[in-house]
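Read the structure below first, then the notes.
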Amino acid sequence: MRPTFMGFEVQKRTLQIAQKNIDITGNNVSNINTPGYTRQRVDLYADYISAQGDPNWTSKRSQLCMAGQGVNAYGVSQIRDQFIDKRYRENVAVEAETETKVGILTDIEDILDNFESDGLQYYTQQFFNALQDYSGKKPDSKDVAIICVNSAVNLCQLLNTYDTELKQVEDTYVAELQDTVDYVNKLLDEMNTLNQKIVKEKFHYPDEYGPNELNDQMNLYIDELATYGNIEVQHFNDGSYSIKMGGVTVLDGEANKTNRLIMKDYNNYGQAILGFESGHDLNLQSGSLKAYFDMINGNGVYATGHQNSEYGIAYFRSAINEFARTIAKTFNEANGAEFDDFRKMFEPATEDALITAGNIRVSKAWQEDPTMIGKVRKLDDETGLYVYGYDQKEQVINGKVTLQNTNVLYLISQFDNSNIKFGNAHDFEGSINEYISFISNRLGQKIQYESGRNDTAINTVDGLLDARDDISAVQIDEEGINMLNYQKWYNASSRLVTALDDLLDKLINGTGRVGL
């Protein structure tokens with residue numbers, strides 16, 4: 001025979017557990033729109049009395065009198081899949097990286113776009129056309145020669161504008177990178193504070209359980225941190241979290257400290273240099289921090305120091321600089337500047353400076369004497385000195401004597417020179433127009449590549465979010481069914497308490513009384 005009041009104890013506990021399930025279901029429904037909330041459940045188990053107890057009122061061979069101890073609960077757990085969380089955070093880092101890269105490359109494209117309609121190809125062609133028009137006139141035709149100068153001025157001004165606007169893009173994203181570094185450090189500080197709070201609360205929970213709402217907040221932080229770089233997460237028994245970013249610990253839950261990001265002054269180094277307080281360099285495989293780093297420091301074959309071989313802002317600035325430098329060198333040499341500085345067609349705005357897209361200009365000598373390019377260098381037989389003058393090769397047309405403009409024709413031939421080397425590492429070898437197409441195609445291909453990666457990452461992340469929501473998000477239909485089941489469970493347990501009360505009343509008030 002079992003103890004008299006055991007049934008009441010069992011049903012009292014059953015009512016408590018049923019009520020707790022109703023409470024947790026109501027909590028789930030209440031938080032259906034709460035960002036980061038993870039669906040909760042009560043973990044149940046069948047209660048029992050161990051046979052090792054060997055109570056003196058039962059035999060060693062049977063525990064029948066103590067059977068039926070009812071239900072109990074370990075605690076309230078969250079329904080999450082760590083594998084899906086890990087995959088989501090890996091892929092959301094790729095999505096953030098590619099989205100940031102596409103944005104930066106698009107800004108570069110907005111500057112260098114329309115190469116053929118009103119960009120570099122257009123103004124280079126205008127310069128070519130002006131030289132062609134001049135070649136068909138007398139070498140001393142000043143009015144036509146001035147058009148050549150003006151077309152060259154327009155080309156130089158376009159290159160100056162490219163340099164200014166690319167520098168503005170660079171400055172914008174350097175500032176964004178610094179803001180991102182500051183925000184990540186702030187996020188780590190908040191996570192460290194939350195870590196301490198979780199550890200204090202976890203002390204009052206069984207080993208496998210903890211403060212669910214605080215863990216939800218930490219997981220929100222972790223998801224956000226994952227967009228900035230590839231991370232690894234560890235969750236310790238004391239409830240604390242430790243996180244590595246790019247293989248370096250940035251949040252140490254056991255030591256209760258952070259490892260802050262440091263960005264050196266860009267203006268001093270001319271490159272983005274990122275590291276940690278611990279002295280480790282930042283070496284990410286994905287994330288928006290990597291995108292900023294690659295796009296700011298990406299300098300292709302021109303990379304030095306902390307720069308890399310990506311085709312970013314630095315590379316396209318270098319490419320435009322090389323175009324300016326090479327076109328100046330090509331036409332200056334073709335016009336005889338090797339022997340006489342006054343034959344230069346292009347020069348830097350600052351004396352003795354290296355020509356760049358930012359400082360290239362038409363030379364003062366050419367502006368002061370537009371027909372200078374129509375003159376040739378000849379040896380004076382009488383004096384033995386070299387002198388400059390218009391080509392004396394005469395051509396009679398309709399009885400009129402004209403001069404053949406051979407030097408300008410030679411300048412025009414440089415546009416078809418396919419042996420011009422662009423870049424200090426010979427990034428490209430070919431003609432001027434071919435190089436313009438090469439830069440345009442490289443930018444377009446890079447945007448297409450990163451856009452393709454971004455589309456793939458978005459689809460993967462969306463799929464993983466759906467999979468995570470299927471497991472962790474509150475489903476109103478499912479919770480409604482649970483609510484009905486738990487309500488029926490509670491009602492049945494209540495009815496059983498009433499039945500037990502009737503039995504006990506019979507036992508106390510009716511036993512031994514005849515006829516009752």
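Letters for chains follow the order of the structure tokens (A, B, ...), residue numbers begin at 1 for each chain, and ligand numbers begin at 1 in the order shown.
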| task | Skip stretch 44-46 of chain A itself and residues of its chain fewer than 3 positions away, then list as number ranges by chain all residues within 7 Å of it, counting only C-alpha atoms. | result | A: 70-74
| field | Given only C-alpha atoms as the counted atoms, nearest of A:Tyr266, A:Gln16, A:Thr38, A:Val199 to A:Asp81 | value | A:Thr38
| request: Check the smallest atom-to-atom distance from each of A:Pro370, A:Gly247, A:Gly136, A:Gly510 to A:Val153 using only C-alpha atoms, then report the winner. | output: A:Pro370
| task | Could you tell me how far atom CA of A:Asp501 lies from atom CA of A:Thr25, in Å and to one decimal? | result |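 These two atoms are separated by 29.6 Å.
Interatomic distance, atom CA of A:Ala314 to atom CA of A:Gly270: 10.0 Å.
For the set A:Thr511, A:Thr304, A:Asn33, A:Asn405, the residue with the smallest atom-to-atom gap to A:Ala425 is A:Thr304, counting only C-alpha atoms.
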| Using the chain letters and numbers from this document, which residues of stretch 10-240 of chain A does DSSP assign to strand (DSSP E), as a ChimeraX atom specification? | /A:40-46,71-78,231-235
| query | Which of stretch 356-431 of chain A counts as alpha helix (DSSP H) under DSSP, as a list of chain:residue names please? | reply |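 Of stretch 356-431 of chain A, the ones in alpha helix (DSSP H) are A:Lys364, A:Ala365, A:Trp366, A:Gln367, A:Glu368, A:Thr406, A:Asn407, A:Val408, A:Leu409, A:Tyr410, A:Leu411, A:Ile412, A:Ser413.
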What would the file look like if the residues just selected were written as a compact mmCIF listing (two decimals), in the first residue's frame with C-alpha atoms?
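Okay, selection.txt is ready:
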# COMPACT_ATOMS: atom_id res chain seq x y z
CA LYS A 364 53.61 76.23 -70.13
CA ALA A 365 55.85 75.99 -73.20
CA TRP A 366 53.08 74.38 -75.24
CA GLN A 367 50.41 76.80 -73.99
CA GLU A 368 52.61 79.81 -74.83
CA THR A 406 55.18 65.44 -90.13
CA ASN A 407 55.81 65.89 -86.37
CA VAL A 408 52.11 65.95 -85.56
CA LEU A 409 51.62 62.83 -87.67
CA TYR A 410 54.30 61.16 -85.57
CA LEU A 411 52.49 62.20 -82.38
CA ILE A 412 49.26 60.72 -83.74
CA SER A 413 51.03 57.42 -84.41
| task | Could you tell me how far atom CA of A:Glu97 lies from atom CA of A:Phe438, in Å and to one decimal? | result |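 Atom-to-atom, atom CA of A:Glu97 and atom CA of A:Phe438 are spaced 25.5 Å apart.
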| Within 10 Å of A:Asn212 using only C-alpha atoms, minus same-chain residues under 4 positions, as a list of chain:residue names |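 The residues that qualify are A:Tyr37, A:Thr38, A:Arg39, A:Gln40, A:Val76, A:Ser77, A:Gln78, A:Ile198, A:Lys202, A:Asp216, A:Gln217, A:Met218.
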| query | Pick from A:Ile327, A:Arg41, A:Ala67, A:Gly312: nearest to A:Val10, with only C-alpha atoms counted? | reply | A:Ala67
